[in-house]
>>> print(open('input_30.tsv').read())   # TSV, C-alpha atoms
chain	number	residue	atom	x	y	z
A	18	MET	CA	110.58	145.04	157.12
A	19	CYS	CA	111.59	142.17	154.79
A	20	ASN	CA	113.57	140.46	157.50
A	21	ILE	CA	116.29	138.39	155.84
A	22	ILE	CA	116.68	135.20	157.85
A	23	GLN	CA	119.43	133.51	155.87
A	24	ARG	CA	121.70	134.69	153.10
A	25	GLY	CA	121.74	132.45	150.05
A	26	LEU	CA	124.84	133.73	148.25
A	27	ARG	CA	127.96	132.74	150.11
A	28	GLY	CA	131.64	132.11	149.44
A	29	GLY	CA	132.58	134.39	146.57
A	30	PHE	CA	129.58	136.60	147.35
A	31	ASN	CA	130.82	137.75	150.75
A	32	GLY	CA	130.21	141.34	149.72
A	33	LEU	CA	126.46	140.76	149.59
A	34	LYS	CA	125.08	141.91	152.92
A	35	VAL	CA	121.30	142.18	153.07
A	36	ASP	CA	119.29	142.82	156.19
A	37	ARG	CA	115.89	144.19	157.12
A	38	ARG	CA	117.03	147.80	156.62
A	39	ASN	CA	118.82	147.65	153.29
A	40	PHE	CA	117.42	144.70	151.35
A	41	LEU	CA	115.98	146.71	148.46
A	42	ARG	CA	119.11	148.86	148.40
A	43	ALA	CA	121.47	145.89	148.62
A	44	GLY	CA	124.61	146.25	146.58
A	45	ALA	CA	124.32	143.00	144.68
A	46	THR	CA	126.31	144.58	141.88
A	47	SER	CA	129.30	145.16	144.14
A	48	ALA	CA	128.94	141.63	145.47
A	49	LEU	CA	129.05	140.18	141.98
A	50	ALA	CA	132.08	142.30	141.22
A	51	LEU	CA	133.80	140.91	144.31
A	52	ALA	CA	133.08	137.41	143.07
A	53	VAL	CA	135.00	138.08	139.89
A	54	SER	CA	138.75	138.39	140.17
A	55	PRO	CA	140.28	140.63	137.49
A	56	ASN	CA	142.72	137.81	136.79
A	57	PHE	CA	139.87	135.65	135.52
A	58	LEU	CA	138.43	138.24	133.16
A	59	GLY	CA	141.47	138.16	130.94
A	60	GLY	CA	142.35	134.54	131.59
A	61	ALA	CA	142.96	131.82	129.08
A	62	ALA	CA	139.99	130.02	127.59
A	63	LEU	CA	138.99	126.75	129.18
A	64	ALA	CA	137.41	125.41	126.01
A	65	ALA	CA	140.24	124.54	123.70
A	66	GLY	CA	139.45	122.75	120.48
A	67	ASP	CA	137.39	119.78	121.55
A	68	LYS	CA	136.31	120.54	125.14
A	69	ILE	CA	133.73	122.75	126.83
A	70	THR	CA	132.93	122.93	130.53
A	71	ALA	CA	129.40	123.72	131.67
A	72	THR	CA	127.26	123.77	134.79
A	73	HIS	CA	123.53	123.42	135.43
A	74	GLY	CA	120.78	123.64	138.02
A	75	GLY	CA	118.33	121.05	139.30
A	76	GLY	CA	115.04	122.03	137.67
A	77	MET	CA	113.38	120.54	134.62
A	78	CYS	CA	114.53	123.58	132.65
A	79	ASN	CA	118.01	122.01	132.73
A	80	MET	CA	116.85	118.85	130.98
A	81	ASN	CA	118.45	119.61	127.61
A	82	ILE	CA	121.95	120.17	128.92
A	83	ILE	CA	121.73	117.24	131.33
A	84	LEU	CA	120.36	114.86	128.72
A	85	SER	CA	122.88	116.01	126.12
A	86	SER	CA	125.63	114.96	128.52
A	87	VAL	CA	124.00	111.60	129.26
A	88	ILE	CA	123.38	110.66	125.60
A	89	HIS	CA	126.66	112.24	124.41
A	90	SER	CA	124.93	114.34	121.76
A	91	VAL	CA	127.51	117.12	122.14
A	92	GLN	CA	130.34	114.61	121.96
A	93	ASP	CA	128.82	113.34	118.73
A	94	GLU	CA	129.52	116.82	117.33
A	95	GLY	CA	133.20	116.44	118.17
A	96	VAL	CA	133.24	118.33	121.47
A	97	ASP	CA	133.69	116.82	124.92
A	98	LEU	CA	131.06	118.32	127.23
A	99	GLN	CA	132.32	118.29	130.81
A	100	LEU	CA	129.21	118.85	132.91
A	101	ILE	CA	129.92	120.14	136.40
A	102	THR	CA	127.39	119.79	139.20
A	103	THR	CA	128.00	122.52	141.78
A	104	PRO	CA	127.19	122.08	145.49
A	105	THR	CA	124.94	125.14	145.62
A	106	PHE	CA	123.25	127.71	143.40
A	107	ALA	CA	125.70	130.35	144.65
A	108	ASP	CA	128.66	128.24	143.54
A	109	GLU	CA	127.14	127.95	140.07
A	110	ILE	CA	126.90	131.71	139.66
A	111	THR	CA	130.33	132.30	141.15
A	112	MET	CA	132.05	129.83	138.81
A	113	ILE	CA	130.63	131.29	135.63
A	114	GLY	CA	131.10	134.81	136.94
A	115	ALA	CA	134.73	134.10	137.68
A	116	GLY	CA	135.36	132.60	134.26
A	117	GLN	CA	136.09	129.18	135.75
A	118	ILE	CA	133.66	127.45	133.41
A	119	ASP	CA	132.65	128.11	129.81
A	120	ALA	CA	128.87	127.88	129.89
A	121	GLY	CA	125.90	127.29	132.11
A	122	VAL	CA	122.15	126.93	132.24
A	123	MET	CA	120.87	129.14	135.03
A	124	PRO	CA	118.18	131.72	135.80
A	125	TYR	CA	118.16	134.68	133.41
A	126	THR	CA	118.18	136.94	136.48
A	127	SER	CA	121.69	135.73	137.30
A	128	PHE	CA	123.02	136.64	133.87
A	129	VAL	CA	121.37	140.07	133.95
A	130	ALA	CA	123.00	140.78	137.33
A	131	LEU	CA	126.38	139.51	136.13
A	132	VAL	CA	126.22	141.78	133.08
A	133	ASP	CA	125.26	144.71	135.32
A	134	ALA	CA	128.35	143.96	137.42
A	135	GLY	CA	130.56	144.17	134.35
A	136	VAL	CA	131.08	140.44	133.92
A	137	PRO	CA	131.56	139.50	130.24
A	138	VAL	CA	128.81	136.92	129.64
A	139	LYS	CA	126.25	136.51	126.85
A	140	ILE	CA	122.96	134.63	126.58
A	141	VAL	CA	123.23	132.37	123.53
A	142	GLY	CA	120.27	130.02	123.94
A	143	GLY	CA	117.39	128.90	126.09
A	144	GLY	CA	116.96	126.72	129.14
A	145	GLY	CA	113.28	126.25	129.80
A	146	ILE	CA	109.84	127.83	129.75
A	147	ASN	CA	107.21	127.95	132.51
A	148	GLY	CA	107.44	125.79	135.63
A	149	VAL	CA	108.15	128.41	138.31
A	150	GLY	CA	105.61	128.69	141.09
A	151	LEU	CA	104.65	129.66	144.58
A	152	ALA	CA	103.26	127.31	147.23
A	153	ALA	CA	101.74	127.99	150.66
A	154	GLN	CA	101.07	125.99	153.77
A	155	PRO	CA	97.44	124.91	154.36
A	156	GLY	CA	95.16	127.82	155.17
A	157	LEU	CA	97.41	130.60	153.82
A	158	ASP	CA	95.12	131.42	150.96
A	159	SER	CA	94.61	135.21	151.09
A	160	PRO	CA	96.71	138.41	151.30
A	161	ASP	CA	95.63	139.20	154.87
A	162	LYS	CA	97.29	135.96	155.99
A	163	TRP	CA	100.69	136.47	154.32
A	164	LYS	CA	102.06	139.51	156.14
A	165	GLY	CA	104.82	138.50	158.53
A	166	LYS	CA	105.02	134.97	157.12
A	167	THR	CA	108.30	133.37	156.08
A	168	LEU	CA	109.04	132.94	152.38
A	169	GLY	CA	111.64	130.39	151.34
A	170	THR	CA	113.39	131.30	148.09
A	171	PHE	CA	116.72	131.78	146.28
A	172	GLN	CA	118.57	135.04	145.95
A	173	LEU	CA	119.07	136.48	142.47
A	174	ASP	CA	116.87	133.72	141.09
A	175	THR	CA	113.81	133.76	138.87
A	176	LEU	CA	112.02	132.05	141.75
A	177	GLU	CA	112.52	135.11	143.92
A	178	THR	CA	111.62	137.46	141.08
A	179	LEU	CA	108.33	135.66	140.53
A	180	ALA	CA	107.56	135.85	144.26
A	181	TYR	CA	108.36	139.58	144.29
A	182	ASP	CA	106.21	140.23	141.21
A	183	TRP	CA	103.35	138.05	142.44
A	184	PHE	CA	103.08	139.55	145.92
A	185	LYS	CA	103.37	143.04	144.43
A	186	LYS	CA	100.42	142.30	142.15
A	187	LYS	CA	98.45	141.03	145.14
A	188	GLY	CA	99.12	144.25	147.05
A	189	VAL	CA	101.55	142.67	149.52
A	190	ASN	CA	104.74	144.62	150.20
A	191	TYR	CA	107.77	142.36	149.92
A	192	ARG	CA	109.16	144.11	152.98
A	193	ASP	CA	106.30	142.67	155.01
A	194	LEU	CA	107.56	139.11	154.49
A	195	ASN	CA	110.34	137.33	156.31
A	196	VAL	CA	112.58	136.11	153.50
A	197	ARG	CA	114.74	133.05	154.07
A	198	TYR	CA	117.30	132.23	151.40
A	199	PHE	CA	118.41	128.67	150.72
A	200	ASP	CA	121.44	127.13	149.02
A	201	THR	CA	119.76	124.12	147.40
A	202	THR	CA	116.25	123.21	146.30
A	203	PRO	CA	116.04	120.00	148.39
A	204	GLU	CA	116.99	122.06	151.45
A	205	SER	CA	114.19	124.54	150.78
A	206	VAL	CA	111.66	121.76	150.13
A	207	ASP	CA	112.58	120.00	153.38
A	208	ALA	CA	112.10	123.24	155.28
A	209	PHE	CA	108.70	123.79	153.70
A	210	MET	CA	107.55	120.23	154.31
A	211	SER	CA	108.57	120.48	157.97
A	212	GLY	CA	106.71	123.77	158.36
A	213	SER	CA	109.83	125.88	158.91
A	214	VAL	CA	108.74	128.20	156.11
A	215	ASP	CA	105.20	129.25	155.29
A	216	LEU	CA	105.55	130.13	151.63
A	217	LEU	CA	107.91	128.62	149.07
A	218	SER	CA	109.12	129.54	145.61
A	219	THR	CA	109.10	126.33	143.59
A	220	ILE	CA	110.36	124.89	140.35
A	221	GLU	CA	109.51	121.65	138.60
A	222	PRO	CA	109.47	118.82	139.50
A	223	TYR	CA	108.92	120.15	143.04
A	224	GLY	CA	105.89	122.24	142.13
A	225	THR	CA	104.18	119.02	141.06
A	226	MET	CA	105.47	116.92	143.95
A	227	LEU	CA	104.62	119.12	146.95
A	228	PRO	CA	100.78	119.12	146.81
A	229	ARG	CA	100.83	115.35	146.33
A	230	GLN	CA	103.10	114.77	149.29
A	231	LYS	CA	101.39	117.00	151.85
A	232	PRO	CA	97.59	117.35	151.80
A	233	GLY	CA	96.33	120.89	151.99
A	234	ILE	CA	99.31	122.60	150.41
A	235	ILE	CA	98.10	125.47	148.23
A	236	THR	CA	99.53	126.28	144.82
A	237	LEU	CA	99.26	130.06	144.79
A	238	SER	CA	100.81	130.52	141.36
A	239	ASP	CA	102.41	128.67	138.48
A	240	GLY	CA	103.63	131.90	136.94
A	241	SER	CA	101.09	131.94	134.15
A	242	ASP	CA	98.68	134.14	136.12
A	243	ILE	CA	101.13	137.05	135.98
A	244	TYR	CA	103.49	136.16	133.10
A	245	GLY	CA	101.19	134.41	130.66
A	246	ASP	CA	101.39	130.81	129.46
A	247	HIS	CA	104.78	131.05	127.76
A	248	TYR	CA	107.53	132.60	129.87
A	249	THR	CA	111.17	131.71	130.34
A	250	ASP	CA	112.99	130.65	133.47
A	251	CYS	CA	116.54	129.57	132.69
A	252	VAL	CA	118.79	130.39	129.75
A	253	LEU	CA	122.04	129.14	128.28
A	254	GLY	CA	124.84	131.63	128.82
A	255	VAL	CA	128.55	131.59	128.01
A	256	ARG	CA	131.70	133.55	128.69
A	257	ALA	CA	131.66	136.30	126.08
A	258	GLY	CA	135.26	135.56	125.17
A	259	LEU	CA	134.34	132.03	124.17
A	260	ILE	CA	132.27	133.37	121.27
A	261	GLU	CA	135.48	134.56	119.63
A	262	GLU	CA	137.79	131.89	120.99
A	263	ASN	CA	135.80	128.79	120.14
A	264	PRO	CA	132.44	129.39	118.46
A	265	ALA	CA	132.48	125.82	117.13
A	266	ALA	CA	132.31	124.48	120.69
A	267	ILE	CA	129.28	126.64	121.47
A	268	LYS	CA	127.56	125.51	118.26
A	269	ALA	CA	128.25	121.88	119.19
A	270	LEU	CA	126.71	122.48	122.60
A	271	ILE	CA	123.64	124.13	121.07
A	272	LYS	CA	123.16	121.37	118.53
A	273	GLY	CA	123.66	118.70	121.16
A	274	MET	CA	121.02	120.35	123.34
A	275	MET	CA	118.73	120.58	120.31
A	276	LYS	CA	119.08	116.82	119.82
A	277	ALA	CA	118.33	116.29	123.50
A	278	GLN	CA	115.22	118.45	123.25
A	279	LEU	CA	113.96	116.38	120.34
A	280	MET	CA	114.44	113.19	122.34
A	281	ALA	CA	112.69	114.67	125.38
A	282	GLU	CA	109.74	115.76	123.24
A	283	THR	CA	109.36	112.52	121.27
A	284	ASN	CA	110.43	109.95	123.87
A	285	PRO	CA	109.72	111.25	127.38
A	286	ASP	CA	109.74	107.76	128.90
A	287	GLY	CA	113.15	106.94	127.46
A	288	THR	CA	114.41	110.35	128.50
A	289	LEU	CA	113.32	109.91	132.10
A	290	ASP	CA	114.83	106.43	132.24
A	291	LYS	CA	118.21	108.08	131.62
A	292	VAL	CA	117.99	110.91	134.13
A	293	LEU	CA	115.74	109.78	136.99
A	294	GLY	CA	117.58	108.86	140.14
A	295	THR	CA	120.81	110.58	139.19
A	296	TYR	CA	119.51	114.05	138.32
A	297	TYR	CA	115.83	114.02	139.29
A	298	LYS	CA	114.69	112.13	142.37
A	299	THR	CA	111.00	111.53	141.89
A	300	SER	CA	108.68	108.94	140.35
A	301	LYS	CA	108.36	108.65	136.60
A	302	ASP	CA	104.67	109.56	136.72
A	303	LEU	CA	105.32	112.80	138.58
A	304	ALA	CA	108.36	113.54	136.43
A	305	LYS	CA	106.29	113.25	133.26
A	306	ILE	CA	103.80	115.75	134.64
A	307	ALA	CA	106.65	118.06	135.63
A	308	MET	CA	108.19	117.80	132.15
A	309	SER	CA	104.91	118.91	130.62
A	310	LYS	CA	104.73	121.89	132.97
A	311	GLN	CA	108.32	123.04	132.45
A	312	VAL	CA	109.68	122.36	129.00
A	313	SER	CA	113.37	122.64	128.20
A	314	VAL	CA	113.72	124.75	125.04
A	315	ILE	CA	116.98	125.72	123.32
A	316	ASP	CA	115.53	128.43	121.04
A	317	ALA	CA	114.69	131.30	123.39
A	318	ARG	CA	114.82	134.19	120.94
A	319	ASP	CA	111.17	135.03	121.56
A	320	GLN	CA	111.90	135.46	125.28
A	321	ALA	CA	114.26	138.44	124.91
A	322	ASP	CA	111.62	141.09	125.58
A	323	PHE	CA	110.28	139.20	128.59
A	324	ILE	CA	113.78	139.01	130.11
A	325	LEU	CA	114.47	142.70	129.49
A	326	ASN	CA	111.11	143.67	130.98
A	327	ARG	CA	111.73	141.63	134.13
A	328	ALA	CA	114.86	143.66	134.75
A	329	GLN	CA	112.59	146.32	136.26
A	330	SER	CA	111.93	144.00	139.19
A	331	LEU	CA	115.65	143.36	139.65
A	332	LEU	CA	116.18	147.11	139.66
A	333	GLU	CA	113.50	147.61	142.31
A	334	MET	CA	114.98	144.83	144.45
A	335	GLY	CA	118.42	146.42	144.35
A	336	TYR	CA	120.12	143.66	142.39
A	337	ILE	CA	121.10	145.85	139.42
A	338	LYS	CA	121.83	149.54	138.93
A	339	LYS	CA	120.48	149.91	135.41
A	340	LYS	CA	118.36	147.99	132.97
A	341	PRO	CA	120.17	145.89	130.36
A	342	ASP	CA	119.79	146.32	126.62
A	343	PRO	CA	119.53	143.71	123.84
A	344	SER	CA	123.33	143.43	123.70
A	345	ILE	CA	123.14	140.84	126.50
A	346	PHE	CA	121.91	138.38	123.85
A	347	HIS	CA	124.02	136.76	121.14
A	348	TRP	CA	121.75	134.70	118.90
A	349	ALA	CA	124.06	134.38	115.89
A	350	LEU	CA	125.47	130.94	116.75
A	351	LEU	CA	122.01	129.55	117.53
A	352	GLU	CA	120.77	130.89	114.21
A	353	GLN	CA	123.70	129.29	112.41
A	354	VAL	CA	122.89	125.92	113.98
A	355	ILE	CA	119.25	126.31	112.94
A	356	ALA	CA	120.23	127.22	109.37
A	357	GLU	CA	122.66	124.31	109.14
A	358	ASN	CA	120.22	121.76	110.58
A	359	PRO	CA	116.77	122.61	109.17
A	360	GLU	CA	115.48	119.04	109.43
A	361	LEU	CA	116.43	118.69	113.09
A	362	TYR	CA	115.07	122.12	113.99
A	363	GLY	CA	111.90	121.52	112.04
A	364	LYS	CA	111.07	118.47	114.16
A	365	LEU	CA	111.16	120.43	117.43
A	366	LYS	CA	107.78	121.09	119.00
A	367	HIS	CA	108.85	124.04	121.11
A	368	LYS	CA	110.75	126.94	119.55
A	369	SER	CA	110.51	130.66	118.93
A	370	GLY	CA	107.56	131.78	116.88
>>> encode(input="input_30.tsv", output="C-alpha cells")
Amino acid sequence: MCNIIQRGLRGGFNGLKVDRRNFLRAGATSALALAVSPNFLGGAALAAGDKITATHGGGMCNMNIILSSVIHSVQDEGVDLQLITTPTFADEITMIGAGQIDAGVMPYTSFVALVDAGVPVKIVGGGGINGVGLAAQPGLDSPDKWKGKTLGTFQLDTLETLAYDWFKKKGVNYRDLNVRYFDTTPESVDAFMSGSVDLLSTIEPYGTMLPRQKPGIITLSDGSDIYGDHYTDCVLGVRAGLIEENPAAIKALIKGMMKAQLMAETNPDGTLDKVLGTYYKTSKDLAKIAMSKQVSVIDARDQADFILNRAQSLLEMGYIKKKPDPSIFHWALLEQVIAENPELYGKLKHKSG
C-alpha cells in the first residue's frame, strides 16, 4: 500500500517518482543523479581563499553552524562564511548535490544517498545528536490504530528513516501507511495541528512544542527507544573536492562551529537571544528544553557505525542500491583542529568518547 500523497523532492529531483506500487523500489539513486549535472562535478571551487558557502536546516541540530554565522566565529578564523537558507529541504540537497555550495549541515541519510548516486561528497563533522521523534493525534496510541493513517514526513530524511524503523519494530508495515511528504517543517507542523495528518515525524524544537500546543497529542517516540540515548541526526558534509582545494576553509568552519558549540553549552540563554526569532520561532523556555533534547555536536566520529548501520533501512526503502563503507567519512581535518586547539576542545561537554 504505502500510498504516497505528496512528493517531497521537487525541482532537481524530477526523476524521483514514487507511488503506492513502487515506493520501496523507487529509484532515488537515479533521481539524485539527475539532480547533479556533470558540468558541476568538475566545476571550479566556490571556496577560494577566504570564503566558504554553506547551507543548513531548521532543527536544533543546526545550531552550531547557525550560531557560528551569527557570532562570526568562522570569520574570526579568516574565512567568510556565507550561510544560505534554502526555501525547502529538497533545494538544500539539490544545491550541495550539484556542487553549487561548499558545505552543509543536513541529515546523514541525504549524504549516504548522494554518495550512492556517485556524488563526490564527504562527511567531515557532526550536526547534532538525538531530537528526532514521532507524534500522533489524540487516541492513536496502539498499532491496531495506525494502519491506513496518514504519516507526515520528509523524503530521504532521518525523520522518515526513524518512522520506518519505529513502525517496523512495532510490527506495522510501512506500506500500510499513507505517507505524505512535505517541503518544510512549518508546513508539516501546520498540517498536523490542523488534523490533516495523523502521525508526524518531528525534530526539535517542534517535538517539544507540539504536545504543549495541542492537548492530547501523543509522543510515540523520541528515537531513544530504538536507537539508544546517543544517536546522530544531522552531519556536516562538504564537496569532496574542497578537501584538496581549500582544506584551510573547512578547518576554519569546523573550528568556528566548535566555538559556537562551546557558547551553546556554557551560555544557552545568550545563545538563544542571538538566534530566536530569526532562526527558531518559539519561546525561550521551550527552546531551552529543545536544546537539551537535541544537542549540536561537531565531533561525530563515534556516530560512524550508527550511520553505516542505518543504511540498511535506506536500502530496504529503495533509496540506495548498496550500503556505504567508511570511506564516506573524512575525519582528518576535524582531528587536526582538535589537535591544534586542545584547550577549546577540552572544554566541550559533548564529543566523541
>>> atom_distance(input="input_30.tsv", atom1="atom CA of A:Val314", atom2="atom CA of A:Tyr244")
17.3 Å
>>> closest_residue(input="input_30.tsv", among="A:Met274, A:Leu131, A:Leu151, A:Leu289", to="A:Ile113", atoms="only C-alpha atoms")
A:Leu131
>>> closest_residue(input="input_30.tsv", among="A:Asp193, A:Glu221, A:Glu94, A:Glu360", to="A:Lys298", atoms="only C-alpha atoms")
A:Glu221
>>> residues_around(input="input_30.tsv", residues="A:Gly143", least_positions_apart="6", cutoff="8 Å", atoms="all atoms listed in the file", output="list in words")
Cys251, Val252, Leu253, Ser313, Val314, Ile315, Asp316, Ala317 and Arg318 of chain A
>>> write_last_selection(input="input_30.tsv", atoms="C-alpha atoms", output="PDB file, keeping the file's coordinate frame")
ATOM      1  CA  CYS A 251     116.540 129.570 132.690  1.00  0.00           C
ATOM      2  CA  VAL A 252     118.790 130.390 129.750  1.00  0.00           C
ATOM      3  CA  LEU A 253     122.040 129.140 128.280  1.00  0.00           C
ATOM      4  CA  SER A 313     113.370 122.640 128.200  1.00  0.00           C
ATOM      5  CA  VAL A 314     113.720 124.750 125.040  1.00  0.00           C
ATOM      6  CA  ILE A 315     116.980 125.720 123.320  1.00  0.00           C
ATOM      7  CA  ASP A 316     115.530 128.430 121.040  1.00  0.00           C
ATOM      8  CA  ALA A 317     114.690 131.300 123.390  1.00  0.00           C
ATOM      9  CA  ARG A 318     114.820 134.190 120.940  1.00  0.00           C
TER      10      ARG A 318
END
>>> residues_around(input="input_30.tsv", residues="A:Leu216", least_positions_apart="2", cutoff="6 Å", atoms="all atoms listed in the file", output="short mmCIF file (atom, residue, chain, number, x, y, z; two decimals) with C-alpha atoms, in the coordinates of the input")
data_model
loop_
_atom_site.label_atom_id
_atom_site.label_comp_id
_atom_site.auth_asym_id
_atom_site.auth_seq_id
_atom_site.Cartn_x
_atom_site.Cartn_y
_atom_site.Cartn_z
CA ALA A 152 103.26 127.31 147.23
CA ALA A 153 101.74 127.99 150.66
CA LEU A 168 109.04 132.94 152.38
CA VAL A 214 108.74 128.20 156.11
#
>>> atom_distance(input="input_30.tsv", atom1="atom CA of A:Arg192", atom2="atom CA of A:Thr126")
20.1 Å
>>> closest_residue(input="input_30.tsv", among="A:Val149, A:Ile118, A:Ile243, A:Met275", to="A:Ile355", atoms="only C-alpha atoms")
A:Met275
>>> atom_distance(input="input_30.tsv", atom1="atom CA of A:Tyr336", atom2="atom CA of A:Tyr181")
12.6 Å
>>> residues_around(input="input_30.tsv", residues="stretch 171-174 of chain A", least_positions_apart="6", cutoff="6 Å", atoms="all atoms listed in the file", output="list of chain:residue names")
A:Gly25, A:Pro124, A:Thr126, A:Ser127, A:Tyr198, A:Phe199
>>> write_last_selection(input="input_30.tsv", atoms="C-alpha atoms", output="mmCIF file, keeping the file's coordinate frame")
data_model
loop_
_atom_site.group_PDB
_atom_site.id
_atom_site.type_symbol
_atom_site.label_atom_id
_atom_site.label_comp_id
_atom_site.auth_asym_id
_atom_site.auth_seq_id
_atom_site.Cartn_x
_atom_site.Cartn_y
_atom_site.Cartn_z
ATOM 1 C CA GLY A 25 121.740 132.450 150.050
ATOM 2 C CA PRO A 124 118.180 131.720 135.800
ATOM 3 C CA THR A 126 118.180 136.940 136.480
ATOM 4 C CA SER A 127 121.690 135.730 137.300
ATOM 5 C CA TYR A 198 117.300 132.230 151.400
ATOM 6 C CA PHE A 199 118.410 128.670 150.720
#
>>> closest_residue(input="input_30.tsv", among="A:Ser238, A:Ile337, A:Gly116, A:Lys68", to="A:Gln92", atoms="only C-alpha atoms")
A:Lys68
>>> residues_around(input="input_30.tsv", residues="A:Gly74", least_positions_apart="6", cutoff="12 Å", atoms="only C-alpha atoms", output="JSON, numbers by chain")
{"A": [80, 81, 82, 83, 100, 101, 102, 103, 104, 105, 106, 107, 108, 109, 110, 121, 122, 123, 124, 144, 145, 174, 200, 201, 202, 203, 220, 221, 250, 251, 252, 253, 296, 297]}
>>> closest_residue(input="input_30.tsv", among="A:Ala71, A:Ile260, A:Arg327, A:Lys268", to="A:Glu352", atoms="all atoms listed in the file")
A:Lys268
>>> closest_residue(input="input_30.tsv", among="A:Cys78, A:Ile267, A:Ala180, A:Ile69", to="A:Ile146", atoms="all atoms listed in the file")
A:Cys78
>>> residues_near_point(input="input_30.tsv", point="(107.1, 126.7, 130.7)", cutoff="7 Å", atoms="all atoms listed in the file", output="NGL selection string")
:A and (145-148 or 247-249 or 310-312)
